[in-house]
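For reference, my_file-v8.cif (mmCIF, C-alpha atoms):
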```cif
data_protein
loop_
_atom_site.label_atom_id
_atom_site.label_comp_id
_atom_site.auth_asym_id
_atom_site.auth_seq_id
_atom_site.Cartn_x
_atom_site.Cartn_y
_atom_site.Cartn_z
CA MET R 20 13.18 32.01 4.37
CA THR R 21 12.16 31.93 0.72
CA ASP R 22 8.86 33.09 -0.71
CA LEU R 23 9.39 30.72 -3.61
CA PRO R 24 8.14 27.14 -3.89
CA PHE R 25 10.75 24.61 -2.72
CA VAL R 26 11.30 20.87 -2.50
CA PHE R 27 13.09 18.43 -0.22
CA ASP R 28 13.55 14.67 -0.42
CA LEU R 29 12.79 11.97 2.13
CA ASN R 30 15.33 9.42 1.01
CA PHE R 31 15.22 5.72 1.70
CA PRO R 32 15.97 4.23 4.16
CA ASP R 33 16.36 6.82 6.94
CA ASN R 34 13.98 9.47 5.51
CA ILE R 35 15.93 12.39 6.98
CA PRO R 36 14.88 15.42 4.90
CA SER R 37 17.52 16.51 2.38
CA TYR R 38 16.80 20.03 3.61
CA TYR R 39 15.63 21.19 7.04
CA ASP R 40 15.88 24.28 9.25
CA ARG R 41 15.96 22.81 12.74
CA HIS R 42 16.95 19.48 14.23
CA ILE R 43 15.54 18.81 17.71
CA LYS R 44 16.92 15.95 19.81
CA ARG R 45 14.98 14.83 22.87
CA THR R 46 16.87 12.73 25.37
CA LEU R 47 15.65 10.90 28.46
CA SER R 48 16.51 13.83 30.76
CA SER R 49 14.07 16.11 28.91
CA MET R 50 11.22 13.65 29.59
CA LYS R 51 11.26 13.83 33.39
CA GLY R 52 7.87 12.95 34.88
CA LEU R 53 6.41 11.62 31.63
CA PHE R 54 7.11 7.89 32.07
CA LEU R 55 5.14 5.95 34.66
CA ASP R 56 7.97 3.86 36.08
CA VAL R 57 10.03 6.49 37.90
CA ARG R 58 12.50 3.97 39.30
CA ALA R 59 13.24 2.52 35.84
CA TYR R 60 13.54 6.08 34.49
CA ASN R 61 16.05 7.12 37.16
CA GLN R 62 18.07 3.95 36.84
CA MET R 63 18.25 4.30 33.06
CA LEU R 64 19.19 7.99 33.29
CA SER R 65 22.00 7.21 35.76
CA GLN R 66 23.58 5.04 33.06
CA GLU R 67 22.99 7.16 29.94
CA ASP R 68 20.94 10.13 28.79
CA ALA R 69 19.57 8.11 25.86
CA LEU R 70 18.26 9.73 22.70
CA LEU R 71 14.52 9.00 22.52
CA TYR R 72 13.36 10.96 19.50
CA GLU R 73 14.34 13.53 16.91
CA VAL R 74 12.38 16.06 14.89
CA TYR R 75 13.48 17.72 11.64
CA GLU R 76 11.51 20.90 11.04
CA ILE R 77 11.03 22.93 7.88
CA LYS R 78 10.47 26.58 8.85
CA ARG R 79 7.72 28.78 7.48
CA PRO R 80 6.13 31.95 8.84
CA GLU R 81 3.96 30.95 11.81
CA LEU R 82 0.85 32.35 10.20
CA GLU R 83 -2.61 31.10 9.34
CA GLY R 84 -2.61 29.77 5.76
CA GLU R 85 1.00 28.58 5.94
CA LEU R 86 1.75 24.90 6.61
CA LEU R 87 4.55 23.60 8.80
CA SER R 88 6.00 20.20 8.02
CA GLY R 89 8.79 17.89 9.07
CA ILE R 90 9.91 14.44 10.03
CA SER R 91 9.61 12.79 13.44
CA VAL R 92 11.88 9.84 14.31
CA VAL R 93 11.04 7.97 17.52
CA HIS R 94 13.76 5.48 18.39
CA GLN R 95 13.24 1.97 19.68
CA GLY R 96 13.27 1.12 23.37
CA THR R 97 11.35 1.11 26.65
CA VAL R 98 11.47 2.84 30.03
CA GLY R 99 10.24 0.11 32.36
CA ASN R 100 7.59 -1.49 30.14
CA GLU R 101 6.54 1.79 28.49
CA TYR R 102 7.68 2.33 24.93
CA PHE R 103 9.80 5.30 23.87
CA MET R 104 7.46 8.13 22.86
CA THR R 105 7.29 11.84 22.17
CA LYS R 106 6.35 14.37 24.85
CA GLY R 107 3.01 14.92 23.17
CA HIS R 108 1.17 18.22 23.01
CA PHE R 109 -1.99 20.14 22.34
CA HIS R 110 -1.77 22.90 19.76
CA SER R 111 -1.73 26.38 21.36
CA ILE R 112 -4.55 27.26 18.99
CA LEU R 113 -6.67 24.30 19.96
CA GLU R 114 -8.87 24.43 16.86
CA THR R 115 -6.11 23.24 14.50
CA GLY R 116 -5.59 19.71 13.16
CA GLU R 117 -2.56 17.75 11.95
CA VAL R 118 -1.89 15.17 9.24
CA TYR R 119 0.64 12.36 9.76
CA TYR R 120 1.95 10.04 7.06
CA CYS R 121 3.86 7.04 8.38
CA LEU R 122 6.97 6.25 6.37
CA ARG R 123 8.53 3.48 8.43
CA GLY R 124 8.21 1.35 11.55
CA GLU R 125 5.25 0.51 13.74
CA GLY R 126 3.65 2.52 16.48
CA ARG R 127 0.63 4.11 18.03
CA MET R 128 -0.68 7.66 18.11
CA VAL R 129 -2.18 8.35 21.53
CA MET R 130 -4.70 11.19 21.47
CA GLU R 131 -7.12 12.97 23.77
CA THR R 132 -9.35 16.01 24.02
CA PRO R 133 -9.52 18.56 26.84
CA GLU R 134 -12.91 17.03 27.70
CA GLY R 135 -11.37 13.59 28.37
CA GLY R 136 -12.15 11.87 25.06
CA TRP R 137 -9.37 9.53 23.96
CA ALA R 138 -8.28 7.50 20.94
CA VAL R 139 -5.33 5.33 19.98
CA GLU R 140 -4.55 4.56 16.32
CA ILE R 141 -1.98 2.21 14.83
CA LEU R 142 0.79 3.74 12.70
CA CYS R 143 2.37 1.62 9.96
CA PRO R 144 4.07 2.42 6.63
CA GLY R 145 1.77 3.99 4.03
CA ARG R 146 -0.86 4.97 6.60
CA VAL R 147 -2.23 8.50 6.91
CA LEU R 148 -3.61 9.61 10.27
CA TYR R 149 -5.79 12.67 10.71
CA VAL R 150 -5.62 14.31 14.13
CA PRO R 151 -8.68 16.59 14.19
CA PRO R 152 -8.62 20.01 15.85
CA ARG R 153 -8.70 19.84 19.69
CA TRP R 154 -6.86 16.49 19.98
CA ALA R 155 -3.53 16.30 21.86
CA HIS R 156 -1.23 13.72 20.26
CA ARG R 157 1.82 11.63 21.13
CA SER R 158 3.72 9.16 18.89
CA VAL R 159 4.83 5.88 20.46
CA ASN R 160 7.28 3.43 18.84
CA THR R 161 6.06 -0.12 19.49
CA SER R 162 8.60 -1.83 17.24
CA LYS R 163 11.42 -3.85 18.79
CA THR R 164 13.64 -3.48 15.75
CA GLU R 165 13.25 -0.13 14.03
CA ASP R 166 12.58 3.59 14.29
CA LEU R 167 9.08 5.00 13.91
CA ILE R 168 9.31 7.64 11.16
CA THR R 169 6.42 9.96 10.31
CA PHE R 170 5.99 12.99 8.07
CA PHE R 171 3.71 15.64 9.58
CA VAL R 172 1.87 18.73 8.34
CA TYR R 173 0.03 21.26 10.48
CA PRO R 174 -1.22 24.85 10.21
CA GLY R 175 1.43 27.55 10.50
CA ASN R 176 -0.32 29.33 13.39
CA ALA R 177 -1.02 26.17 15.49
CA GLY R 178 1.78 26.50 18.06
CA HIS R 179 2.65 23.88 20.71
CA ASP R 180 1.26 23.56 24.21
CA TYR R 181 3.50 20.97 25.95
CA ARG R 182 2.74 22.25 29.44
CA THR R 183 -0.78 20.86 29.74
CA ILE R 184 0.43 17.32 29.04
CA GLU R 185 3.45 17.73 31.33
CA LYS R 186 1.02 18.58 34.13
CA GLN R 187 -1.83 16.16 33.52
CA GLY R 188 -0.28 13.34 31.44
CA PHE R 189 -2.15 11.35 28.81
CA ARG R 190 -5.12 9.29 29.90
CA LYS R 191 -3.76 6.16 28.19
CA LEU R 192 -0.29 4.61 28.14
CA VAL R 193 1.16 2.14 25.66
CA VAL R 194 3.11 -0.68 27.27
CA ASP R 195 4.98 -3.81 26.27
CA THR R 196 3.56 -6.99 27.86
CA SER R 197 4.05 -10.72 27.43
CA SER R 198 0.96 -10.70 25.19
CA GLY R 199 2.18 -7.79 23.07
CA VAL R 200 1.31 -4.10 22.87
CA GLN R 201 -1.29 -3.07 25.45
CA ILE R 202 -3.18 0.18 26.03
CA ILE R 203 -3.63 0.81 29.75
CA ASP R 204 -5.12 3.54 31.91
CA ASN R 205 -2.56 6.00 33.23
CA PRO R 206 -2.98 5.79 37.04
CA ARG R 207 -1.39 9.24 37.36
CA TRP R 208 -3.64 10.91 34.78
CA CYS R 209 -4.99 14.12 36.22
CA PRO R 210 -7.85 15.72 34.26
CA LYS R 211 -7.48 19.41 33.66
CA LYS R 212 -9.79 20.80 36.34
CA GLU R 213 -8.30 18.57 39.06
CA CYS R 214 -4.72 19.56 38.20
CA GLU R 215 -5.23 23.26 38.57
CA MET B 26 -18.14 13.15 9.12
CA THR B 27 -16.47 12.02 12.31
CA ASP B 28 -15.02 14.24 15.01
CA LEU B 29 -12.72 11.38 15.97
CA PRO B 30 -9.20 10.78 14.70
CA PHE B 31 -9.12 8.41 11.71
CA VAL B 32 -6.68 6.63 9.44
CA PHE B 33 -6.51 5.49 5.83
CA ASP B 34 -3.87 3.57 3.92
CA LEU B 35 -2.09 4.39 0.68
CA ASN B 36 -1.32 0.89 -0.45
CA PHE B 37 1.36 -0.09 -2.91
CA PRO B 38 1.35 0.01 -5.89
CA ASP B 39 -1.63 2.18 -6.89
CA ASN B 40 -1.85 4.26 -3.68
CA ILE B 41 -5.63 4.70 -3.90
CA PRO B 42 -6.73 5.61 -0.35
CA SER B 43 -8.39 2.72 1.50
CA TYR B 44 -11.00 5.30 2.53
CA TYR B 45 -12.16 8.43 0.70
CA ASP B 46 -15.28 10.59 0.44
CA ARG B 47 -15.17 11.75 -3.15
CA HIS B 48 -13.66 10.46 -6.37
CA ILE B 49 -13.31 13.08 -9.13
CA LYS B 50 -12.55 11.98 -12.69
CA ARG B 51 -11.43 14.60 -15.20
CA THR B 52 -11.63 13.64 -18.83
CA LEU B 53 -10.41 15.45 -21.93
CA SER B 54 -13.78 17.14 -22.52
CA SER B 55 -13.57 18.93 -19.16
CA MET B 56 -10.21 20.47 -20.16
CA LYS B 57 -11.43 22.48 -23.14
CA GLY B 58 -9.20 25.48 -23.87
CA LEU B 59 -6.43 24.39 -21.51
CA PHE B 60 -4.12 22.64 -24.00
CA LEU B 61 -2.21 24.71 -26.54
CA ASP B 62 -2.71 22.46 -29.57
CA VAL B 63 -6.43 22.88 -30.27
CA ARG B 64 -6.33 20.72 -33.39
CA ALA B 65 -4.71 17.81 -31.55
CA TYR B 66 -7.20 18.29 -28.70
CA ASN B 67 -10.21 18.17 -31.03
CA GLN B 68 -8.90 15.20 -32.98
CA MET B 69 -8.21 13.26 -29.79
CA LEU B 70 -11.61 14.12 -28.33
CA SER B 71 -13.37 12.96 -31.52
CA GLN B 72 -11.89 9.50 -30.90
CA GLU B 73 -12.27 9.17 -27.12
CA ASP B 74 -13.01 11.31 -24.08
CA ALA B 75 -9.85 10.02 -22.38
CA LEU B 76 -9.42 10.03 -18.62
CA LEU B 77 -6.63 12.50 -17.82
CA TYR B 78 -6.57 12.58 -14.02
CA GLU B 79 -8.37 11.50 -10.87
CA VAL B 80 -8.57 12.94 -7.38
CA TYR B 81 -9.55 11.08 -4.22
CA GLU B 82 -10.66 13.51 -1.52
CA ILE B 83 -11.01 13.04 2.22
CA LYS B 84 -13.73 15.39 3.48
CA ARG B 85 -13.40 17.64 6.50
CA PRO B 86 -15.26 20.81 7.49
CA GLU B 87 -14.05 23.60 5.19
CA LEU B 88 -12.84 25.67 8.10
CA GLU B 89 -9.63 27.36 9.14
CA GLY B 90 -7.62 24.99 11.33
CA GLU B 91 -8.88 21.87 9.53
CA LEU B 92 -6.72 20.19 6.88
CA LEU B 93 -7.99 18.69 3.63
CA SER B 94 -6.05 15.85 2.09
CA GLY B 95 -6.20 13.36 -0.73
CA ILE B 96 -4.52 11.65 -3.62
CA SER B 97 -4.05 13.00 -7.14
CA VAL B 98 -3.40 10.57 -10.00
CA VAL B 99 -2.38 12.13 -13.33
CA HIS B 100 -2.33 9.53 -16.09
CA GLN B 101 0.28 9.20 -18.80
CA GLY B 102 -0.14 10.77 -22.22
CA THR B 103 0.06 13.93 -24.33
CA VAL B 104 -2.27 16.26 -26.19
CA GLY B 105 -0.13 17.34 -29.14
CA ASN B 106 3.25 17.56 -27.45
CA GLU B 107 1.84 18.80 -24.13
CA TYR B 108 1.77 16.30 -21.29
CA PHE B 109 -1.43 15.31 -19.47
CA MET B 110 -1.92 17.68 -16.55
CA THR B 111 -4.44 18.92 -14.02
CA LYS B 112 -6.56 22.02 -14.60
CA GLY B 113 -4.55 23.89 -12.00
CA HIS B 114 -5.92 26.50 -9.65
CA PHE B 115 -5.35 29.32 -7.23
CA HIS B 116 -6.83 28.91 -3.78
CA SER B 117 -9.94 31.07 -3.28
CA ILE B 118 -8.29 32.32 -0.11
CA LEU B 119 -5.07 33.27 -1.83
CA GLU B 120 -3.00 33.38 1.36
CA THR B 121 -3.07 29.59 1.86
CA GLY B 122 -0.32 27.11 0.97
CA GLU B 123 -0.26 23.42 0.07
CA VAL B 124 2.07 20.49 0.72
CA TYR B 125 2.57 17.73 -1.86
CA TYR B 126 4.33 14.43 -1.24
CA CYS B 127 5.12 12.49 -4.41
CA LEU B 128 4.46 8.76 -4.08
CA ARG B 129 5.07 7.56 -7.61
CA GLY B 130 5.99 8.58 -11.14
CA GLU B 131 7.75 11.63 -12.50
CA GLY B 132 6.37 15.06 -13.21
CA ARG B 133 6.50 18.78 -12.81
CA MET B 134 4.56 21.22 -10.66
CA VAL B 135 3.95 24.40 -12.64
CA MET B 136 3.30 27.40 -10.40
CA GLU B 137 2.71 31.12 -10.66
CA THR B 138 1.64 34.15 -8.65
CA PRO B 139 -0.99 36.75 -9.56
CA GLU B 140 1.92 39.16 -10.10
CA GLY B 141 3.42 36.98 -12.86
CA GLY B 142 6.14 35.20 -10.86
CA TRP B 143 6.60 31.59 -11.98
CA ALA B 144 8.34 28.40 -10.89
CA VAL B 145 8.52 24.79 -12.08
CA GLU B 146 9.69 22.01 -9.74
CA ILE B 147 10.39 18.36 -10.46
CA LEU B 148 8.21 15.76 -8.74
CA CYS B 149 9.66 12.30 -8.07
CA PRO B 150 8.99 9.60 -5.46
CA GLY B 151 9.89 10.61 -1.89
CA ARG B 152 9.96 14.33 -2.71
CA VAL B 153 8.00 16.91 -0.74
CA LEU B 154 7.01 20.14 -2.49
CA TYR B 155 5.84 23.23 -0.64
CA VAL B 156 3.53 25.51 -2.61
CA PRO B 157 3.57 28.76 -0.60
CA PRO B 158 0.47 30.92 -0.19
CA ARG B 159 -0.43 32.92 -3.34
CA TRP B 160 0.95 30.35 -5.86
CA ALA B 161 -1.38 28.73 -8.41
CA HIS B 162 -0.32 25.14 -9.10
CA ARG B 163 -0.78 22.45 -11.74
CA SER B 164 0.62 18.88 -11.75
CA VAL B 165 2.03 17.55 -15.03
CA ASN B 166 2.89 13.89 -15.69
CA THR B 167 6.14 13.75 -17.71
CA SER B 168 6.58 9.98 -17.49
CA LYS B 169 6.03 7.84 -20.58
CA THR B 170 5.30 4.73 -18.56
CA GLU B 171 3.45 5.45 -15.33
CA ASP B 172 0.96 7.56 -13.43
CA LEU B 173 2.05 10.59 -11.40
CA ILE B 174 0.68 10.03 -7.87
CA THR B 175 0.85 12.69 -5.17
CA PHE B 176 -0.57 13.05 -1.68
CA PHE B 177 -1.67 16.60 -0.88
CA VAL B 178 -2.59 18.57 2.26
CA TYR B 179 -4.03 22.09 2.35
CA PRO B 180 -5.95 24.30 4.79
CA GLY B 181 -9.63 23.51 5.21
CA ASN B 182 -10.76 27.01 4.29
CA ALA B 183 -8.56 27.40 1.16
CA GLY B 184 -11.17 26.75 -1.55
CA HIS B 185 -10.44 26.41 -5.28
CA ASP B 186 -10.37 29.16 -7.88
CA TYR B 187 -10.23 27.36 -11.26
CA ARG B 188 -11.72 30.24 -13.21
CA THR B 189 -8.69 32.53 -13.18
CA ILE B 190 -6.50 29.83 -14.78
CA GLU B 191 -9.24 28.89 -17.28
CA LYS B 192 -9.25 32.53 -18.41
CA GLN B 193 -5.57 33.41 -18.36
CA GLY B 194 -3.73 30.06 -18.58
CA PHE B 195 -0.40 29.33 -16.98
CA ARG B 196 2.61 31.35 -18.09
CA LYS B 197 4.66 28.20 -18.70
CA LEU B 198 3.82 24.92 -20.43
CA VAL B 199 5.54 21.55 -20.13
CA VAL B 200 6.10 19.80 -23.45
CA ASP B 201 7.65 16.62 -24.78
CA THR B 202 10.43 17.27 -27.31
CA SER B 203 13.09 15.18 -29.03
CA SER B 204 15.52 16.40 -26.37
CA GLY B 205 13.21 15.53 -23.47
CA VAL B 206 10.98 17.53 -21.16
CA GLN B 207 11.00 21.26 -21.98
CA ILE B 208 9.47 24.27 -20.23
CA ILE B 209 8.22 26.79 -22.79
CA ASP B 210 6.40 30.11 -22.70
CA ASN B 211 2.66 29.82 -23.21
CA PRO B 212 1.99 32.03 -26.26
CA ARG B 213 -1.65 32.35 -25.18
CA TRP B 214 -0.87 33.37 -21.59
CA CYS B 215 -2.91 36.40 -20.72
CA PRO B 216 -1.89 38.20 -17.50
CA LYS B 217 -4.72 39.04 -15.19
CA LYS B 218 -5.20 42.72 -15.98
CA GLU B 219 -5.15 42.13 -19.76
CA CYS B 220 -7.75 39.34 -19.57
CA GLU B 221 -10.34 41.38 -17.80
#
```
Write the structure described by the file as structure tokens, please.
Amino acid sequence: MTDLPFVFDLNFPDNIPSYYDRHIKRTLSSMKGLFLDVRAYNQMLSQEDALLYEVYEIKRPELEGELLSGISVVHQGTVGNEYFMTKGHFHSILETGEVYYCLRGEGRMVMETPEGGWAVEILCPGRVLYVPPRWAHRSVNTSKTEDLITFFVYPGNAGHDYRTIEKQGFRKLVVDTSSGVQIIDNPRWCPKKECE
Amino acid sequence: MTDLPFVFDLNFPDNIPSYYDRHIKRTLSSMKGLFLDVRAYNQMLSQEDALLYEVYEIKRPELEGELLSGISVVHQGTVGNEYFMTKGHFHSILETGEVYYCLRGEGRMVMETPEGGWAVEILCPGRVLYVPPRWAHRSVNTSKTEDLITFFVYPGNAGHDYRTIEKQGFRKLVVDTSSGVQIIDNPRWCPKKECE
């Protein structure tokens, strides 16, 4: 890892960084328990372990004062009527924020606090989203035609806590209905104290 | 200032944020002593206090874990043969980095460390630049036709140290020559220990 300044390009149209250190691919099998419709999930998985999203990470020392950045690509599709999405996570150091810049596609960022506060914001090209410290976050691709591509920046020491969301879920789900994109309550949501 | 997630848009073509807290305008008179050609500077200033660059800032608490972001617009022009540029600064907390994403135009980021290390990187649309902790940085617009527009993100507690650069200058300057953009030594550069 260099101590010198460096650049990389996010080239049209796919925005894959011209340089990256790690390429993470999340398929359906790695998302067990996260989609509401278990039957649809199992049926889909029996046919193909579909690629749901990819992350391209630029490495830096995981220290306060450093910034970690990369590209997230959420592919298009649904499991039952729930759109393809990322696992979602809190930061291990809860008091750290994150900036997203949407490069392509259309989606939602689903967010919540440990205290049960929630928010959902629309992602579209040219839009910046600030996820304040303490807010778990999950990207959801609501487009029927293209990938959701975002550029993200977060503090080097933030870390990822996926486990809390795996256990309790997000309070809100984003689903495809005959009247378009809907935000619904997650009937399986289990607030922190009740899950333990 | 909200504790909730929020969004703003960087709309084509001028990329001015649809929401911002502070709009800083830097004119020629605020850049006294920063350009090499003092005669050209004085002559230009006697005619007009030209607008050199603008910054649109999104406020957040200036705390570790928060991220500050905004848009920098460096206009097109020269003072003598030196391109319009920002003042440039170290972060007050030296061990903090910064991420730039270039939205429009063409330029250079001139950087240096307190130990005298230097680097110059090209800025062009779609390019991400990482300024590691410890590196002072200045944006320079090398285009003859358009603004240099960048989106920046840095740690909430970083702070700005403009004074060091005002005293010692940058080691390298970016000038317009008959053979194009050139990086030259700054004959007035005064390393830290010699300036004190």
Would you mind listing, as JSON, numbers by chain, all residues of chain R that have at least one atom within 6 Å of chain B, where only C-alpha atoms are what counts? {"R": [24, 25, 26, 27, 28, 29, 84, 85, 114, 115, 116, 145, 146, 147, 148, 149, 150, 151]}
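Taken over the whole file, the PyMOL selection byres ((chain R and resi 188-203) around 8) covers exactly Leu53, Asn100, Glu101, Tyr102, Arg127, Val129, Met130, Glu131, Gly135, Trp137, Val159, Thr161, Thr183, Ile184, Glu185, Lys186, Gln187, Asp204, Asn205, Arg207, Trp208 and Cys209 of chain R.
Our summary of the geometry notes that CA of Val63 in chain B is positioned 23.9 Å from CA of Val98 in chain B.
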Expand the PyMOL selection byres ((chain R and resi 75) around 7) into the individual residues it matches in the shown file, reporting them as a PDB file with C-alpha atoms, in the frame of the given file.
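Result file follows (expr.pdb):
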```
ATOM      1  CA  TYR R  39      15.630  21.190   7.040  1.00  0.00           C
ATOM      2  CA  ARG R  41      15.960  22.810  12.740  1.00  0.00           C
ATOM      3  CA  HIS R  42      16.950  19.480  14.230  1.00  0.00           C
ATOM      4  CA  ILE R  43      15.540  18.810  17.710  1.00  0.00           C
ATOM      5  CA  GLU R  73      14.340  13.530  16.910  1.00  0.00           C
ATOM      6  CA  VAL R  74      12.380  16.060  14.890  1.00  0.00           C
ATOM      7  CA  GLU R  76      11.510  20.900  11.040  1.00  0.00           C
ATOM      8  CA  ILE R  77      11.030  22.930   7.880  1.00  0.00           C
ATOM      9  CA  GLY R  89       8.790  17.890   9.070  1.00  0.00           C
ATOM     10  CA  ILE R  90       9.910  14.440  10.030  1.00  0.00           C
ATOM     11  CA  SER R  91       9.610  12.790  13.440  1.00  0.00           C
TER      12      SER R  91
END
```
Kindly provide, as JSON, the centre and edge lengths (Å, one decimal) of an axis-aligned box around all atoms of range 38-47 of chain B given in the file, with 6 Å on each side.
```
{"center_x": -7.0, "center_y": 5.9, "center_z": -2.2, "size_x": 28.6, "size_y": 23.7, "size_z": 21.4}
```
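Compared by their closest atoms to Met104 in chain R, and using only C-alpha atoms, the residues R:Met20, R:Arg123, R:Tyr72, R:Met63 rank with R:Tyr72 nearest.
One distance worth recording is that between CA of Phe54 in chain R and CA of Ile168 in chain R, which is 21.0 Å.
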Using the chain letters and numbers from this file, what does the PyMOL selection byres ((chain R and resi 47) around 9) select? Give the answer as a ChimeraX atom specification. /R:45-46,48-51,60,63-64,67-71
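Closest approach to Phe109 in chain R among R:Ala155, R:Pro206, R:Thr164, R:Leu55: R:Ala155, based on all atoms listed in the file.
Taking CA of Lys163 in chain R and CA of Gly99 in chain R as endpoints, the distance between them is 14.2 Å.
Considering the residues B:Ser71, B:Asp46, B:Gly58, B:His100 and counting all atoms listed in the file, Asp172 in chain B has its shortest atom-to-atom contact with B:His100.
Remark: for Tyr187 in chain B, the closest of the candidate residues B:Gly113, B:Leu173, B:Gly130, B:Ser168 is B:Gly113 (distances computed over only C-alpha atoms).
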Reconstruct all heavy atoms of range 131-137 of chain B; output as a PDB file, in the frame of the given file.
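After the write, part-v7.pdb holds the following:
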```pdb
ATOM      1  N   GLU B 131       6.830  10.509 -12.269  1.00  0.00           N
ATOM      2  CA  GLU B 131       7.750  11.630 -12.500  1.00  0.00           C
ATOM      3  C   GLU B 131       6.954  12.753 -13.130  1.00  0.00           C
ATOM      4  O   GLU B 131       6.145  12.501 -14.039  1.00  0.00           O
ATOM      5  CB  GLU B 131       8.856  11.186 -13.454  1.00  0.00           C
ATOM      6  CG  GLU B 131       9.972  12.194 -13.570  1.00  0.00           C
ATOM      7  CD  GLU B 131      10.729  12.034 -14.883  1.00  0.00           C
ATOM      8  OE1 GLU B 131      11.449  11.042 -15.021  1.00  0.00           O
ATOM      9  OE2 GLU B 131      10.555  12.921 -15.757  1.00  0.00           O
ATOM     10  N   GLY B 132       7.142  13.961 -12.643  1.00  0.00           N
ATOM     11  CA  GLY B 132       6.370  15.060 -13.210  1.00  0.00           C
ATOM     12  C   GLY B 132       6.945  16.413 -12.882  1.00  0.00           C
ATOM     13  O   GLY B 132       8.099  16.540 -12.441  1.00  0.00           O
ATOM     14  N   ARG B 133       6.132  17.398 -13.136  1.00  0.00           N
ATOM     15  CA  ARG B 133       6.500  18.780 -12.810  1.00  0.00           C
ATOM     16  C   ARG B 133       5.310  19.434 -12.118  1.00  0.00           C
ATOM     17  O   ARG B 133       4.153  19.144 -12.471  1.00  0.00           O
ATOM     18  CB  ARG B 133       6.810  19.597 -14.074  1.00  0.00           C
ATOM     19  CG  ARG B 133       7.958  19.076 -14.920  1.00  0.00           C
ATOM     20  CD  ARG B 133       9.319  19.262 -14.257  1.00  0.00           C
ATOM     21  NE  ARG B 133      10.408  18.855 -15.152  1.00  0.00           N
ATOM     22  CZ  ARG B 133      10.826  17.600 -15.316  1.00  0.00           C
ATOM     23  NH1 ARG B 133      10.241  16.608 -14.665  1.00  0.00           N
ATOM     24  NH2 ARG B 133      11.832  17.323 -16.128  1.00  0.00           N
ATOM     25  N   MET B 134       5.600  20.344 -11.180  1.00  0.00           N
ATOM     26  CA  MET B 134       4.560  21.220 -10.660  1.00  0.00           C
ATOM     27  C   MET B 134       4.834  22.594 -11.268  1.00  0.00           C
ATOM     28  O   MET B 134       5.928  23.148 -11.084  1.00  0.00           O
ATOM     29  CB  MET B 134       4.598  21.288  -9.140  1.00  0.00           C
ATOM     30  CG  MET B 134       3.414  22.023  -8.536  1.00  0.00           C
ATOM     31  SD  MET B 134       1.861  21.088  -8.687  1.00  0.00           S
ATOM     32  CE  MET B 134       2.013  19.944  -7.329  1.00  0.00           C
ATOM     33  N   VAL B 135       3.843  23.090 -12.008  1.00  0.00           N
ATOM     34  CA  VAL B 135       3.950  24.400 -12.640  1.00  0.00           C
ATOM     35  C   VAL B 135       3.203  25.381 -11.740  1.00  0.00           C
ATOM     36  O   VAL B 135       2.059  25.128 -11.365  1.00  0.00           O
ATOM     37  CB  VAL B 135       3.330  24.387 -14.053  1.00  0.00           C
ATOM     38  CG1 VAL B 135       3.419  25.764 -14.690  1.00  0.00           C
ATOM     39  CG2 VAL B 135       4.020  23.342 -14.925  1.00  0.00           C
ATOM     40  N   MET B 136       3.874  26.475 -11.388  1.00  0.00           N
ATOM     41  CA  MET B 136       3.300  27.400 -10.400  1.00  0.00           C
ATOM     42  C   MET B 136       3.457  28.837 -10.842  1.00  0.00           C
ATOM     43  O   MET B 136       4.403  29.165 -11.561  1.00  0.00           O
ATOM     44  CB  MET B 136       3.998  27.178  -9.045  1.00  0.00           C
ATOM     45  CG  MET B 136       3.725  25.782  -8.466  1.00  0.00           C
ATOM     46  SD  MET B 136       4.849  25.326  -7.104  1.00  0.00           S
ATOM     47  CE  MET B 136       6.308  24.828  -8.036  1.00  0.00           C
ATOM     48  N   GLU B 137       2.549  29.691 -10.388  1.00  0.00           N
ATOM     49  CA  GLU B 137       2.710  31.120 -10.660  1.00  0.00           C
ATOM     50  C   GLU B 137       1.900  31.952  -9.682  1.00  0.00           C
ATOM     51  O   GLU B 137       0.932  31.475  -9.086  1.00  0.00           O
ATOM     52  CB  GLU B 137       2.360  31.470 -12.102  1.00  0.00           C
ATOM     53  CG  GLU B 137       0.917  31.332 -12.485  1.00  0.00           C
ATOM     54  CD  GLU B 137       0.720  31.625 -13.976  1.00  0.00           C
ATOM     55  OE1 GLU B 137       1.370  30.978 -14.808  1.00  0.00           O
ATOM     56  OE2 GLU B 137      -0.103  32.510 -14.283  1.00  0.00           O
TER      57      GLU B 137
END
```
